[in-house]
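Each remark here refers to the structure printed beneath this line.
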Amino acid sequence: MTRAFSTRPAFISEMSPIARIALDTPLDRLFDYLAPEATPDDIGRRVEVPFGPRTLVGVLLELAEHSEMAPAALKAIGRIDRDTPPLPAELLALARFAAGYYHHALGAVLASLLPPALRRNGKPARPAVAAAYAVSVAGRAALAGITPAKPAQHALAARLLAGPLPRAELGDRERTLLRDWLKCAWVLPCEPIVAEAAAAIAPAPTPDQAAALAAIRGGGEGYTPWLLHGVTGSGKTEVYLRLVADTLERGRQALILVPEIHLTPQLGERFAQRFPGHRLIGLHSGLSDGERRGAWLDALAGRADIVLGTRLAVFTPLPRLGLIVVDEEHDTSYKQMEGMRYSARDVAVWRAREAGVPVLLGSATPALETWNNAKSGRYRLLSLAARAHAQACLPQVRLIDSRSDRPKQGLSQALVSALEATLQRGEQGLVFINRRGYAPTLLCNACGHVFPCPRCSAHLVLHRNPAGYRLVCHHCGLDGRPPDACPDCGSVDLRPAGHGTQRVEETLAERFPEARILRIDRDSAARKGSFAAMRDRVAAREVDILVGTQIVAKGHDFPHLTLVGVIGADQALVSPDFRAGERLFAQIMQVAGRAGRAEHPGSVLIQTRYPGHPLYQSVVRHDYPGFAAAALNERRAADFPPYVAQAVLRAEAGTEEAALAFLLAARAVGQDRAAGVELFDPVPALMLRIANRHRLQLLLQATSRRRLQAFLGQWLPCLAEVPARGVRWVLDVDPVDV
Ligand code: ADP
Ligand code: ZN
Ligand code: ZN
């Protein structure tokens, strides 16, 4: 009805209000439409509008009396979605902040924070098909009041009142009954909640936990940023749970961010068990569009009490927000690497400040930026120094000098003996190597040829499938059979060089023929659900030795795992990335934290050629503060973050010349306004070429964030004028990989 008016319809008077709509376009502006029926209540609502030949979905942000546009050029707005609550003002402010800080178009930011199903136009949002159903607060009395004279209704109500009911357990007739109850919101869709959910009894807090809780509670309900530094197994999650309990008691919603989807189920169960009467939703990229829309709408309508999600969940609308927790706050997966390159941790802190609620960042190895904020007093620091479990102590870490104990097939004698002893005791061992595949390269033994990816500046990685060997590029996905002979010299003496998880798995199988070995890496865990199945096998002691990349290192609790071997870690010490050491330290501490979580003491063996390296020495002492102090000193001396603010302009093109020409021109337009901001020479990215695209970058650095932001605000509009034929470019504020 309101589609694509080409002339002004007669019924719109001169006083008709103008609606300013944010649309998902790269243009950083709002679009004006005639909106005769719009009221201030519509601010924050989704609207359909004609845009060229298409109809787009946008968000109504402002109402005005006049438009800069000629009246004849104004079109009328389409349907306003009044079936969905408007986005809260707090969320609109958050989107504005993110758009400003990361220099991204507001319309694009708003579009990206809507679930995909709500970005499209068409029918109003219907409740999603849910995995389970639960009774709402309003529904309790209503359902309890259903008379036994209606046996079907009565029986279904009784089942629902007893706890969340999985959809799979409902017959057709019951689904029909449920539809009416859903309509009046007596019943709400929910995530499947473990059936036996009874409030798990909370353990009495340890003295460290009690002190942390007292401090946070003493800080009140308003904004305070806390850093909870706690060694692995110190009971950080227990602190989160108790704070969430406080928050729920006050009738507020809690937002819990976790780094990876793999972590969500285990943690989700703990929350669900602790708060069976509350609605918990999980938000992560593994959900279907329908599930995501349902969960998001529940949060928006205030029906969900706890939102547990990955980085994208930081933009969840939460009209009753009372607490934000960022677990494993140092994890790099909080940084979005495409589109708007935001840091969900930093956005979370900003959101907490604006919303006036406490924010708790938790980690065993905080990001150096965060540690610096705590040391400088910007964040308040709390420490959990000991493991929470009465018998558990931190594992003993030993360094194996691989110059004297030379590894055979990647494994030192010390590690092999330790594995033997572990298996004899009936305990489990883990060999950590952060490289998937069989071997990092295939090497010609005659001439030294290694096989580069023809499309990337990287070597092809040798993989082993049931069907045979493959050469695979980890960057562009190229995948082929290895040649029979060296393309350079014709020799057929081609050998795998170095070790990946598959090769270590093979070696272990040879050394320990009796042992049950399980490899966990991105390849073996690729199928949905297979990771959880593997974890269950480990927990059920159907596995003796685990081999894995960092995905095994994250937050899993395997009580019978007592030995961790770390191999191939030295490589990070020679990386050109100045954050490589920080990441290595965090990774080793995390994987070491898998050992000895329960009553069995754990030990960690690290194979290295540099046993004297200060980083490893800090690991042996479990000394994060010592490591951080040394690393921060280096950062300060070298003018690296957190002592400077950085942004990087990344350009990619079919040729190096095109990308370079763009960056040089971009630099030239910025040079004369760059007071206090340093513009470096364009340089190749850490990976110069991926899939035949050449990637270069221009680093910008300033002693203050404000100064850098002021410059970016002036510079970016000028970049639109810089010739960029065939060049794709993007700005990355606070980059994590330069
Ligand atoms: P973190 O998140 O710091 O790694 P968790 O919260 O997972 O640690 O706790 C580690 C282990 O200690 C878990 O098995 C947990 O149940 C247990 N735990 C936590 N707090 C306590 C406590 N106060 N008393 C006894 N056990 C606890
Ligand atoms: Zn050769
Ligand atoms: Zn490639």
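We name chains A, B, ... following the order of the structure tokens; residues begin at 1 in each chain, and ligands are numbered from 1 as shown.
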Step by step, measure atom-to-atom distances between ligand 3 and each residue using only C-alpha atoms and all ligand atoms, keep those at most 7 Å, then write them as a ChimeraX atom specification.
-> /A:453-456,458,473-478,690-691
Based on the selection just made, write N, CA and C atoms of those residues as a short mmCIF file (atom, residue, chain, number, x, y, z; two decimals), in the first residue's frame.
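The new file again_10.cif reads:
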```
data_model
loop_
_atom_site.label_atom_id
_atom_site.label_comp_id
_atom_site.auth_asym_id
_atom_site.auth_seq_id
_atom_site.Cartn_x
_atom_site.Cartn_y
_atom_site.Cartn_z
N CYS A 453 51.67 -22.20 -1.40
CA CYS A 453 50.35 -22.09 -2.01
C CYS A 453 50.50 -21.12 -3.19
N PRO A 454 50.02 -21.50 -4.37
CA PRO A 454 50.17 -20.60 -5.51
C PRO A 454 49.38 -19.30 -5.34
N ARG A 455 48.45 -19.25 -4.41
CA ARG A 455 47.59 -18.07 -4.28
C ARG A 455 47.85 -17.27 -3.02
N CYS A 456 48.68 -17.81 -2.10
CA CYS A 456 48.90 -17.13 -0.83
C CYS A 456 50.38 -17.10 -0.51
N ALA A 458 52.10 -18.43 1.80
CA ALA A 458 52.16 -19.42 2.87
C ALA A 458 52.50 -20.77 2.27
N CYS A 473 45.88 -25.55 1.80
CA CYS A 473 46.22 -24.20 2.24
C CYS A 473 45.28 -23.79 3.37
N HIS A 474 45.83 -23.39 4.50
CA HIS A 474 45.00 -23.01 5.64
C HIS A 474 44.43 -21.60 5.49
N HIS A 475 44.81 -20.92 4.43
CA HIS A 475 44.34 -19.55 4.27
C HIS A 475 43.27 -19.42 3.20
N CYS A 476 43.44 -20.12 2.06
CA CYS A 476 42.45 -19.98 1.00
C CYS A 476 41.68 -21.26 0.75
N GLY A 477 42.05 -22.34 1.45
CA GLY A 477 41.28 -23.57 1.31
C GLY A 477 41.70 -24.47 0.15
N LEU A 478 42.68 -24.04 -0.63
CA LEU A 478 43.17 -24.89 -1.73
C LEU A 478 43.50 -26.28 -1.19
N ILE A 690 46.68 -13.42 0.21
CA ILE A 690 45.74 -14.50 0.48
C ILE A 690 44.80 -14.58 -0.71
N ALA A 691 44.69 -15.78 -1.28
CA ALA A 691 43.82 -16.02 -2.43
C ALA A 691 44.06 -14.97 -3.52
#
```
Pick out the residues no farther than 8 Å from ligand 1, counting only C-alpha atoms and all ligand atoms, and list them as a PDB file with all heavy atoms, in the first residue's frame.
```pdb
ATOM      1  N   ALA A 202      24.939 -24.188  45.923  1.00  0.00           N
ATOM      2  CA  ALA A 202      26.161 -23.424  45.718  1.00  0.00           C
ATOM      3  C   ALA A 202      27.158 -23.772  46.808  1.00  0.00           C
ATOM      4  O   ALA A 202      26.795 -23.872  47.971  1.00  0.00           O
ATOM      5  CB  ALA A 202      25.836 -21.942  45.753  1.00  0.00           C
ATOM      6  N   PRO A 203      28.430 -23.996  46.438  1.00  0.00           N
ATOM      7  CA  PRO A 203      29.426 -24.259  47.479  1.00  0.00           C
ATOM      8  C   PRO A 203      29.672 -22.995  48.297  1.00  0.00           C
ATOM      9  O   PRO A 203      29.468 -21.888  47.803  1.00  0.00           O
ATOM     10  CB  PRO A 203      30.672 -24.647  46.687  1.00  0.00           C
ATOM     11  CG  PRO A 203      30.495 -24.012  45.346  1.00  0.00           C
ATOM     12  CD  PRO A 203      29.013 -23.959  45.096  1.00  0.00           C
ATOM     13  N   ALA A 204      30.095 -23.198  49.546  1.00  0.00           N
ATOM     14  CA  ALA A 204      30.462 -22.030  50.355  1.00  0.00           C
ATOM     15  C   ALA A 204      31.666 -21.371  49.701  1.00  0.00           C
ATOM     16  O   ALA A 204      32.596 -22.069  49.298  1.00  0.00           O
ATOM     17  CB  ALA A 204      30.796 -22.484  51.769  1.00  0.00           C
ATOM     18  N   PRO A 205      31.650 -20.063  49.568  1.00  0.00           N
ATOM     19  CA  PRO A 205      32.768 -19.402  48.873  1.00  0.00           C
ATOM     20  C   PRO A 205      34.087 -19.620  49.602  1.00  0.00           C
ATOM     21  O   PRO A 205      34.120 -19.703  50.830  1.00  0.00           O
ATOM     22  CB  PRO A 205      32.390 -17.916  48.901  1.00  0.00           C
ATOM     23  CG  PRO A 205      30.979 -17.848  49.333  1.00  0.00           C
ATOM     24  CD  PRO A 205      30.633 -19.118  50.019  1.00  0.00           C
ATOM     25  N   THR A 206      35.159 -19.719  48.841  1.00  0.00           N
ATOM     26  CA  THR A 206      36.490 -19.749  49.439  1.00  0.00           C
ATOM     27  C   THR A 206      36.775 -18.340  49.978  1.00  0.00           C
ATOM     28  O   THR A 206      36.081 -17.384  49.616  1.00  0.00           O
ATOM     29  CB  THR A 206      37.551 -20.082  48.385  1.00  0.00           C
ATOM     30  OG1 THR A 206      37.546 -19.028  47.408  1.00  0.00           O
ATOM     31  CG2 THR A 206      37.251 -21.395  47.687  1.00  0.00           C
ATOM     32  N   GLN A 209      37.165 -15.935  47.150  1.00  0.00           N
ATOM     33  CA  GLN A 209      35.880 -15.639  46.507  1.00  0.00           C
ATOM     34  C   GLN A 209      35.052 -14.710  47.391  1.00  0.00           C
ATOM     35  O   GLN A 209      34.434 -13.749  46.899  1.00  0.00           O
ATOM     36  CB  GLN A 209      35.089 -16.929  46.261  1.00  0.00           C
ATOM     37  CG  GLN A 209      35.623 -17.763  45.099  1.00  0.00           C
ATOM     38  CD  GLN A 209      34.969 -19.136  45.042  1.00  0.00           C
ATOM     39  OE1 GLN A 209      34.489 -19.664  46.051  1.00  0.00           O
ATOM     40  NE2 GLN A 209      34.958 -19.733  43.855  1.00  0.00           N
ATOM     41  N   GLY A 230      42.037 -14.518  38.250  1.00  0.00           N
ATOM     42  CA  GLY A 230      42.035 -15.742  39.041  1.00  0.00           C
ATOM     43  C   GLY A 230      42.693 -16.859  38.276  1.00  0.00           C
ATOM     44  O   GLY A 230      42.364 -17.083  37.107  1.00  0.00           O
ATOM     45  N   VAL A 231      43.598 -17.562  38.932  1.00  0.00           N
ATOM     46  CA  VAL A 231      44.277 -18.666  38.262  1.00  0.00           C
ATOM     47  C   VAL A 231      43.237 -19.679  37.795  1.00  0.00           C
ATOM     48  O   VAL A 231      42.114 -19.700  38.290  1.00  0.00           O
ATOM     49  CB  VAL A 231      45.319 -19.342  39.188  1.00  0.00           C
ATOM     50  CG1 VAL A 231      46.399 -18.346  39.567  1.00  0.00           C
ATOM     51  CG2 VAL A 231      44.650 -19.926  40.430  1.00  0.00           C
ATOM     52  N   THR A 232      43.610 -20.526  36.832  1.00  0.00           N
ATOM     53  CA  THR A 232      42.653 -21.509  36.320  1.00  0.00           C
ATOM     54  C   THR A 232      42.176 -22.392  37.465  1.00  0.00           C
ATOM     55  O   THR A 232      42.972 -22.848  38.279  1.00  0.00           O
ATOM     56  CB  THR A 232      43.293 -22.400  35.240  1.00  0.00           C
ATOM     57  OG1 THR A 232      44.510 -22.931  35.763  1.00  0.00           O
ATOM     58  CG2 THR A 232      43.580 -21.616  33.982  1.00  0.00           C
ATOM     59  N   GLY A 233      40.873 -22.583  37.512  1.00  0.00           N
ATOM     60  CA  GLY A 233      40.306 -23.424  38.555  1.00  0.00           C
ATOM     61  C   GLY A 233      40.109 -22.724  39.885  1.00  0.00           C
ATOM     62  O   GLY A 233      39.784 -23.341  40.890  1.00  0.00           O
ATOM     63  N   SER A 234      40.289 -21.391  39.909  1.00  0.00           N
ATOM     64  CA  SER A 234      40.180 -20.672  41.177  1.00  0.00           C
ATOM     65  C   SER A 234      38.729 -20.367  41.530  1.00  0.00           C
ATOM     66  O   SER A 234      38.440 -19.877  42.611  1.00  0.00           O
ATOM     67  CB  SER A 234      40.992 -19.380  41.132  1.00  0.00           C
ATOM     68  OG  SER A 234      40.528 -18.558  40.084  1.00  0.00           O
ATOM     69  N   GLY A 235      37.817 -20.653  40.615  1.00  0.00           N
ATOM     70  CA  GLY A 235      36.410 -20.448  40.940  1.00  0.00           C
ATOM     71  C   GLY A 235      35.859 -19.110  40.495  1.00  0.00           C
ATOM     72  O   GLY A 235      34.989 -18.533  41.158  1.00  0.00           O
ATOM     73  N   LYS A 236      36.334 -18.605  39.371  1.00  0.00           N
ATOM     74  CA  LYS A 236      35.799 -17.347  38.843  1.00  0.00           C
ATOM     75  C   LYS A 236      34.317 -17.512  38.496  1.00  0.00           C
ATOM     76  O   LYS A 236      33.507 -16.641  38.776  1.00  0.00           O
ATOM     77  CB  LYS A 236      36.581 -16.910  37.589  1.00  0.00           C
ATOM     78  CG  LYS A 236      38.025 -16.557  37.890  1.00  0.00           C
ATOM     79  CD  LYS A 236      38.748 -16.026  36.661  1.00  0.00           C
ATOM     80  CE  LYS A 236      39.069 -17.100  35.645  1.00  0.00           C
ATOM     81  NZ  LYS A 236      39.999 -18.150  36.122  1.00  0.00           N
ATOM     82  N   THR A 237      33.995 -18.661  37.892  1.00  0.00           N
ATOM     83  CA  THR A 237      32.612 -18.876  37.476  1.00  0.00           C
ATOM     84  C   THR A 237      31.669 -18.825  38.677  1.00  0.00           C
ATOM     85  O   THR A 237      30.552 -18.321  38.583  1.00  0.00           O
ATOM     86  CB  THR A 237      32.486 -20.236  36.763  1.00  0.00           C
ATOM     87  OG1 THR A 237      33.544 -20.319  35.802  1.00  0.00           O
ATOM     88  CG2 THR A 237      31.165 -20.358  36.060  1.00  0.00           C
ATOM     89  N   GLU A 238      32.133 -19.343  39.807  1.00  0.00           N
ATOM     90  CA  GLU A 238      31.316 -19.300  41.017  1.00  0.00           C
ATOM     91  C   GLU A 238      31.042 -17.844  41.422  1.00  0.00           C
ATOM     92  O   GLU A 238      29.942 -17.510  41.872  1.00  0.00           O
ATOM     93  CB  GLU A 238      32.056 -20.055  42.130  1.00  0.00           C
ATOM     94  CG  GLU A 238      31.288 -20.215  43.410  1.00  0.00           C
ATOM     95  CD  GLU A 238      29.958 -20.926  43.216  1.00  0.00           C
ATOM     96  OE1 GLU A 238      29.889 -21.858  42.384  1.00  0.00           O
ATOM     97  OE2 GLU A 238      28.983 -20.548  43.884  1.00  0.00           O
ATOM     98  N   VAL A 239      32.034 -16.983  41.237  1.00  0.00           N
ATOM     99  CA  VAL A 239      31.817 -15.564  41.537  1.00  0.00           C
ATOM    100  C   VAL A 239      30.764 -14.985  40.582  1.00  0.00           C
ATOM    101  O   VAL A 239      29.848 -14.273  41.003  1.00  0.00           O
ATOM    102  CB  VAL A 239      33.141 -14.769  41.446  1.00  0.00           C
ATOM    103  CG1 VAL A 239      32.906 -13.277  41.619  1.00  0.00           C
ATOM    104  CG2 VAL A 239      34.142 -15.285  42.480  1.00  0.00           C
ATOM    105  N   SER A 363      39.730 -13.339  34.005  1.00  0.00           N
ATOM    106  CA  SER A 363      40.757 -14.060  33.245  1.00  0.00           C
ATOM    107  C   SER A 363      41.855 -14.552  34.180  1.00  0.00           C
ATOM    108  O   SER A 363      42.116 -13.960  35.223  1.00  0.00           O
ATOM    109  CB  SER A 363      41.369 -13.141  32.191  1.00  0.00           C
ATOM    110  OG  SER A 363      42.423 -13.800  31.522  1.00  0.00           O
ATOM    111  N   ALA A 364      42.503 -15.647  33.767  1.00  0.00           N
ATOM    112  CA  ALA A 364      43.716 -16.087  34.456  1.00  0.00           C
ATOM    113  C   ALA A 364      44.920 -15.335  33.905  1.00  0.00           C
ATOM    114  O   ALA A 364      45.945 -15.200  34.569  1.00  0.00           O
ATOM    115  CB  ALA A 364      43.907 -17.588  34.270  1.00  0.00           C
ATOM    116  N   ARG A 387      43.529 -22.417  43.819  1.00  0.00           N
ATOM    117  CA  ARG A 387      42.441 -23.192  43.245  1.00  0.00           C
ATOM    118  C   ARG A 387      41.339 -23.409  44.287  1.00  0.00           C
ATOM    119  O   ARG A 387      41.620 -23.557  45.471  1.00  0.00           O
ATOM    120  CB  ARG A 387      42.975 -24.522  42.720  1.00  0.00           C
ATOM    121  CG  ARG A 387      43.721 -24.309  41.415  1.00  0.00           C
ATOM    122  CD  ARG A 387      43.982 -25.583  40.681  1.00  0.00           C
ATOM    123  NE  ARG A 387      44.201 -25.279  39.256  1.00  0.00           N
ATOM    124  CZ  ARG A 387      44.506 -26.190  38.343  1.00  0.00           C
ATOM    125  NH1 ARG A 387      44.603 -27.450  38.686  1.00  0.00           N
ATOM    126  NH2 ARG A 387      44.676 -25.840  37.099  1.00  0.00           N
ATOM    127  N   ALA A 388      40.112 -23.410  43.803  1.00  0.00           N
ATOM    128  CA  ALA A 388      38.967 -23.434  44.710  1.00  0.00           C
ATOM    129  C   ALA A 388      38.741 -24.807  45.336  1.00  0.00           C
ATOM    130  O   ALA A 388      38.434 -24.933  46.515  1.00  0.00           O
ATOM    131  CB  ALA A 388      37.709 -23.000  43.961  1.00  0.00           C
ATOM    132  N   HIS A 389      38.894 -25.821  44.524  1.00  0.00           N
ATOM    133  CA  HIS A 389      38.669 -27.192  44.965  1.00  0.00           C
ATOM    134  C   HIS A 389      39.648 -27.509  46.083  1.00  0.00           C
ATOM    135  O   HIS A 389      40.852 -27.311  45.936  1.00  0.00           O
ATOM    136  CB  HIS A 389      38.934 -28.108  43.765  1.00  0.00           C
ATOM    137  CG  HIS A 389      38.120 -29.347  43.808  1.00  0.00           C
ATOM    138  ND1 HIS A 389      38.420 -30.373  44.640  1.00  0.00           N
ATOM    139  CD2 HIS A 389      37.007 -29.717  43.108  1.00  0.00           C
ATOM    140  CE1 HIS A 389      37.522 -31.342  44.452  1.00  0.00           C
ATOM    141  NE2 HIS A 389      36.659 -30.957  43.530  1.00  0.00           N
ATOM    142  N   ALA A 390      39.121 -28.025  47.207  1.00  0.00           N
ATOM    143  CA  ALA A 390      39.949 -28.159  48.407  1.00  0.00           C
ATOM    144  C   ALA A 390      41.278 -28.872  48.140  1.00  0.00           C
ATOM    145  O   ALA A 390      42.323 -28.446  48.601  1.00  0.00           O
ATOM    146  CB  ALA A 390      39.167 -28.893  49.484  1.00  0.00           C
ATOM    147  N   GLY A 555      38.665 -23.847  28.983  1.00  0.00           N
ATOM    148  CA  GLY A 555      37.665 -24.076  30.018  1.00  0.00           C
ATOM    149  C   GLY A 555      37.054 -25.439  30.239  1.00  0.00           C
ATOM    150  O   GLY A 555      35.976 -25.506  30.788  1.00  0.00           O
ATOM    151  N   ASP A 557      36.811 -29.095  32.063  1.00  0.00           N
ATOM    152  CA  ASP A 557      37.185 -29.661  33.336  1.00  0.00           C
ATOM    153  C   ASP A 557      37.248 -31.171  33.174  1.00  0.00           C
ATOM    154  O   ASP A 557      36.222 -31.817  33.079  1.00  0.00           O
ATOM    155  CB  ASP A 557      36.083 -29.288  34.350  1.00  0.00           C
ATOM    156  CG  ASP A 557      36.676 -28.751  35.616  1.00  0.00           C
ATOM    157  OD1 ASP A 557      37.870 -28.978  35.839  1.00  0.00           O
ATOM    158  OD2 ASP A 557      35.944 -28.107  36.381  1.00  0.00           O
ATOM    159  N   GLY A 593      46.386 -25.340  32.807  1.00  0.00           N
ATOM    160  CA  GLY A 593      45.273 -25.323  33.760  1.00  0.00           C
ATOM    161  C   GLY A 593      44.350 -26.515  33.626  1.00  0.00           C
ATOM    162  O   GLY A 593      43.502 -26.749  34.478  1.00  0.00           O
ATOM    163  N   ARG A 597      42.841 -30.789  37.896  1.00  0.00           N
ATOM    164  CA  ARG A 597      41.783 -29.892  38.370  1.00  0.00           C
ATOM    165  C   ARG A 597      41.094 -30.454  39.599  1.00  0.00           C
ATOM    166  O   ARG A 597      40.488 -29.716  40.358  1.00  0.00           O
ATOM    167  CB  ARG A 597      40.749 -29.662  37.258  1.00  0.00           C
ATOM    168  CG  ARG A 597      41.343 -29.136  35.990  1.00  0.00           C
ATOM    169  CD  ARG A 597      41.191 -27.664  35.803  1.00  0.00           C
ATOM    170  NE  ARG A 597      39.824 -27.205  35.756  1.00  0.00           N
ATOM    171  CZ  ARG A 597      39.525 -25.927  35.636  1.00  0.00           C
ATOM    172  NH1 ARG A 597      40.482 -25.024  35.561  1.00  0.00           N
ATOM    173  NH2 ARG A 597      38.283 -25.536  35.593  1.00  0.00           N
ATOM    174  N   ALA A 598      41.123 -31.764  39.782  1.00  0.00           N
ATOM    175  CA  ALA A 598      40.441 -32.319  40.952  1.00  0.00           C
ATOM    176  C   ALA A 598      41.467 -32.794  41.969  1.00  0.00           C
ATOM    177  O   ALA A 598      42.466 -32.128  42.189  1.00  0.00           O
ATOM    178  CB  ALA A 598      39.511 -33.435  40.511  1.00  0.00           C
TER     179      ALA A 598
END
```
Quick one: residues within 10 Å of range 570-586 of chain A, only C-alpha atoms counted, chain neighbours fewer than 6 positions away excluded, as a compact mmCIF listing (two decimals) with N, CA, C and O atoms, in the first residue's frame?
```txt
# COMPACT_ATOMS: atom_id res chain seq x y z
N HIS A 330 40.63 -11.84 27.90
CA HIS A 330 41.81 -11.65 27.04
C HIS A 330 41.63 -12.32 25.70
O HIS A 330 42.45 -12.13 24.80
N ASP A 331 40.60 -13.13 25.55
CA ASP A 331 40.51 -13.99 24.36
C ASP A 331 40.35 -13.17 23.09
O ASP A 331 39.51 -12.27 23.01
N THR A 332 41.15 -13.51 22.09
CA THR A 332 41.12 -12.70 20.86
C THR A 332 39.84 -12.89 20.07
O THR A 332 39.55 -12.11 19.17
N SER A 363 39.73 -13.34 34.01
CA SER A 363 40.76 -14.06 33.24
C SER A 363 41.86 -14.55 34.18
O SER A 363 42.12 -13.96 35.22
N ALA A 364 42.50 -15.65 33.77
CA ALA A 364 43.72 -16.09 34.46
C ALA A 364 44.92 -15.34 33.91
O ALA A 364 45.94 -15.20 34.57
N THR A 365 44.78 -14.87 32.67
CA THR A 365 45.87 -14.17 31.99
C THR A 365 45.28 -12.96 31.28
O THR A 365 45.07 -12.99 30.07
N PRO A 366 44.97 -11.89 32.02
CA PRO A 366 44.30 -10.74 31.40
C PRO A 366 45.10 -10.18 30.22
O PRO A 366 46.33 -10.32 30.17
N ALA A 367 44.40 -9.57 29.30
CA ALA A 367 45.07 -8.85 28.22
C ALA A 367 45.94 -7.77 28.85
O ALA A 367 45.57 -7.18 29.87
N LEU A 368 47.08 -7.50 28.26
CA LEU A 368 47.98 -6.50 28.86
C LEU A 368 47.29 -5.14 28.95
O LEU A 368 47.54 -4.38 29.88
N ALA A 592 47.87 -25.61 30.59
CA ALA A 592 48.43 -26.14 31.83
C ALA A 592 47.32 -26.25 32.87
O ALA A 592 47.31 -27.17 33.69
N ILE A 606 56.98 -28.85 29.25
CA ILE A 606 57.07 -28.02 28.05
C ILE A 606 58.39 -28.33 27.34
O ILE A 606 59.46 -28.15 27.93
N GLN A 607 58.31 -28.78 26.11
CA GLN A 607 59.53 -29.03 25.33
C GLN A 607 59.97 -27.73 24.69
O GLN A 607 59.21 -27.10 23.96
N THR A 608 61.21 -27.33 24.96
CA THR A 608 61.68 -26.07 24.38
C THR A 608 63.18 -26.08 24.17
O THR A 608 63.92 -26.75 24.90
N ARG A 609 63.59 -25.31 23.19
CA ARG A 609 65.02 -25.10 22.99
C ARG A 609 65.52 -23.92 23.82
O ARG A 609 66.69 -23.63 23.86
N TYR A 610 64.60 -23.19 24.42
CA TYR A 610 64.97 -21.97 25.18
C TYR A 610 64.47 -22.05 26.61
O TYR A 610 63.65 -21.23 27.04
N PRO A 611 64.94 -23.02 27.39
CA PRO A 611 64.41 -23.15 28.76
C PRO A 611 64.69 -21.93 29.62
O PRO A 611 64.02 -21.71 30.63
N HIS A 613 64.28 -18.85 28.70
CA HIS A 613 63.48 -17.70 28.26
C HIS A 613 62.57 -17.20 29.39
O HIS A 613 61.91 -17.99 30.05
N LEU A 615 59.78 -15.85 29.46
CA LEU A 615 58.37 -16.22 29.36
C LEU A 615 58.14 -17.60 29.98
O LEU A 615 57.23 -17.79 30.79
N TYR A 616 58.99 -18.57 29.61
CA TYR A 616 58.83 -19.90 30.18
C TYR A 616 59.10 -19.90 31.68
O TYR A 616 58.45 -20.63 32.43
N SER A 618 58.43 -17.54 33.73
CA SER A 618 57.21 -17.06 34.39
C SER A 618 56.15 -18.16 34.43
O SER A 618 55.40 -18.26 35.40
N VAL A 619 56.08 -18.95 33.36
CA VAL A 619 55.10 -20.04 33.34
C VAL A 619 55.40 -21.02 34.47
O VAL A 619 54.50 -21.44 35.20
N TYR A 624 51.79 -14.76 36.46
CA TYR A 624 51.26 -13.81 35.48
C TYR A 624 51.71 -12.38 35.77
O TYR A 624 52.17 -11.68 34.86
N PHE A 627 55.17 -11.86 34.49
CA PHE A 627 55.19 -11.85 33.03
C PHE A 627 54.66 -10.53 32.51
O PHE A 627 55.25 -9.89 31.62
N ALA A 628 53.53 -10.09 33.07
CA ALA A 628 52.88 -8.88 32.57
C ALA A 628 53.76 -7.65 32.80
O ALA A 628 53.87 -6.78 31.92
N ALA A 631 56.48 -7.74 30.20
CA ALA A 631 55.95 -7.48 28.86
C ALA A 631 55.53 -6.02 28.71
O ALA A 631 55.76 -5.40 27.67
N GLU A 634 58.50 -3.82 28.09
CA GLU A 634 58.93 -3.88 26.69
C GLU A 634 58.01 -3.04 25.81
O GLU A 634 58.45 -2.32 24.93
N ARG A 635 56.72 -3.13 26.08
CA ARG A 635 55.77 -2.38 25.27
C ARG A 635 56.00 -0.88 25.43
O ARG A 635 55.94 -0.11 24.47
N PHE A 640 54.51 0.64 22.08
CA PHE A 640 53.43 -0.22 21.61
C PHE A 640 52.23 -0.05 22.53
O PHE A 640 52.37 0.42 23.66
N PRO A 641 51.04 -0.48 22.08
CA PRO A 641 49.88 -0.47 22.99
C PRO A 641 50.20 -1.31 24.22
O PRO A 641 50.96 -2.27 24.10
N LEU A 686 50.86 -9.08 7.80
CA LEU A 686 51.58 -10.27 8.24
C LEU A 686 51.49 -11.37 7.18
O LEU A 686 52.43 -12.10 6.94
N VAL A 736 44.32 -5.96 16.63
CA VAL A 736 45.04 -6.93 17.47
C VAL A 736 46.07 -7.71 16.67
O VAL A 736 46.72 -8.60 17.19
N ASP A 737 46.19 -7.41 15.39
CA ASP A 737 47.18 -8.15 14.59
C ASP A 737 47.88 -7.22 13.62
O ASP A 737 47.61 -7.24 12.44
N VAL A 738 48.78 -6.42 14.14
CA VAL A 738 49.59 -5.59 13.23
C VAL A 738 51.06 -5.90 13.48
O VAL A 738 51.42 -6.42 14.51
```
Distance query Val683 in chain A at most 12 Å, only C-alpha atoms, self and fewer than 2 positions along chain excluded, as a PyMOL selection string | chain A and resi 648-652+656-657+659-661+663-664+679-681+685-688+694-700+738
Produce as a ChimeraX atom specification the set of residues near ligand 2, where near means within 12 Å with only C-alpha atoms and all ligand atoms considered.
-> /A:442-451,483-495
Could you pull out all residues of range 521-697 of chain A with a DSSP call of strand (DSSP E) and give them as a ChimeraX atom specification?
-> /A:545-548,561-566,603-608,645-653,677-679,683-690,693-697
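Near Leu213 in chain A, within 10 Å and counting only C-alpha atoms, sit Pro205, Pro207, Asp208, Gln209, Ala210, Ile216, Arg217, Gly218, Gly219, Val239, Tyr240, Arg242, Leu243 and Leu382 of chain A, not including residues fewer than 3 positions from it in the same chain.
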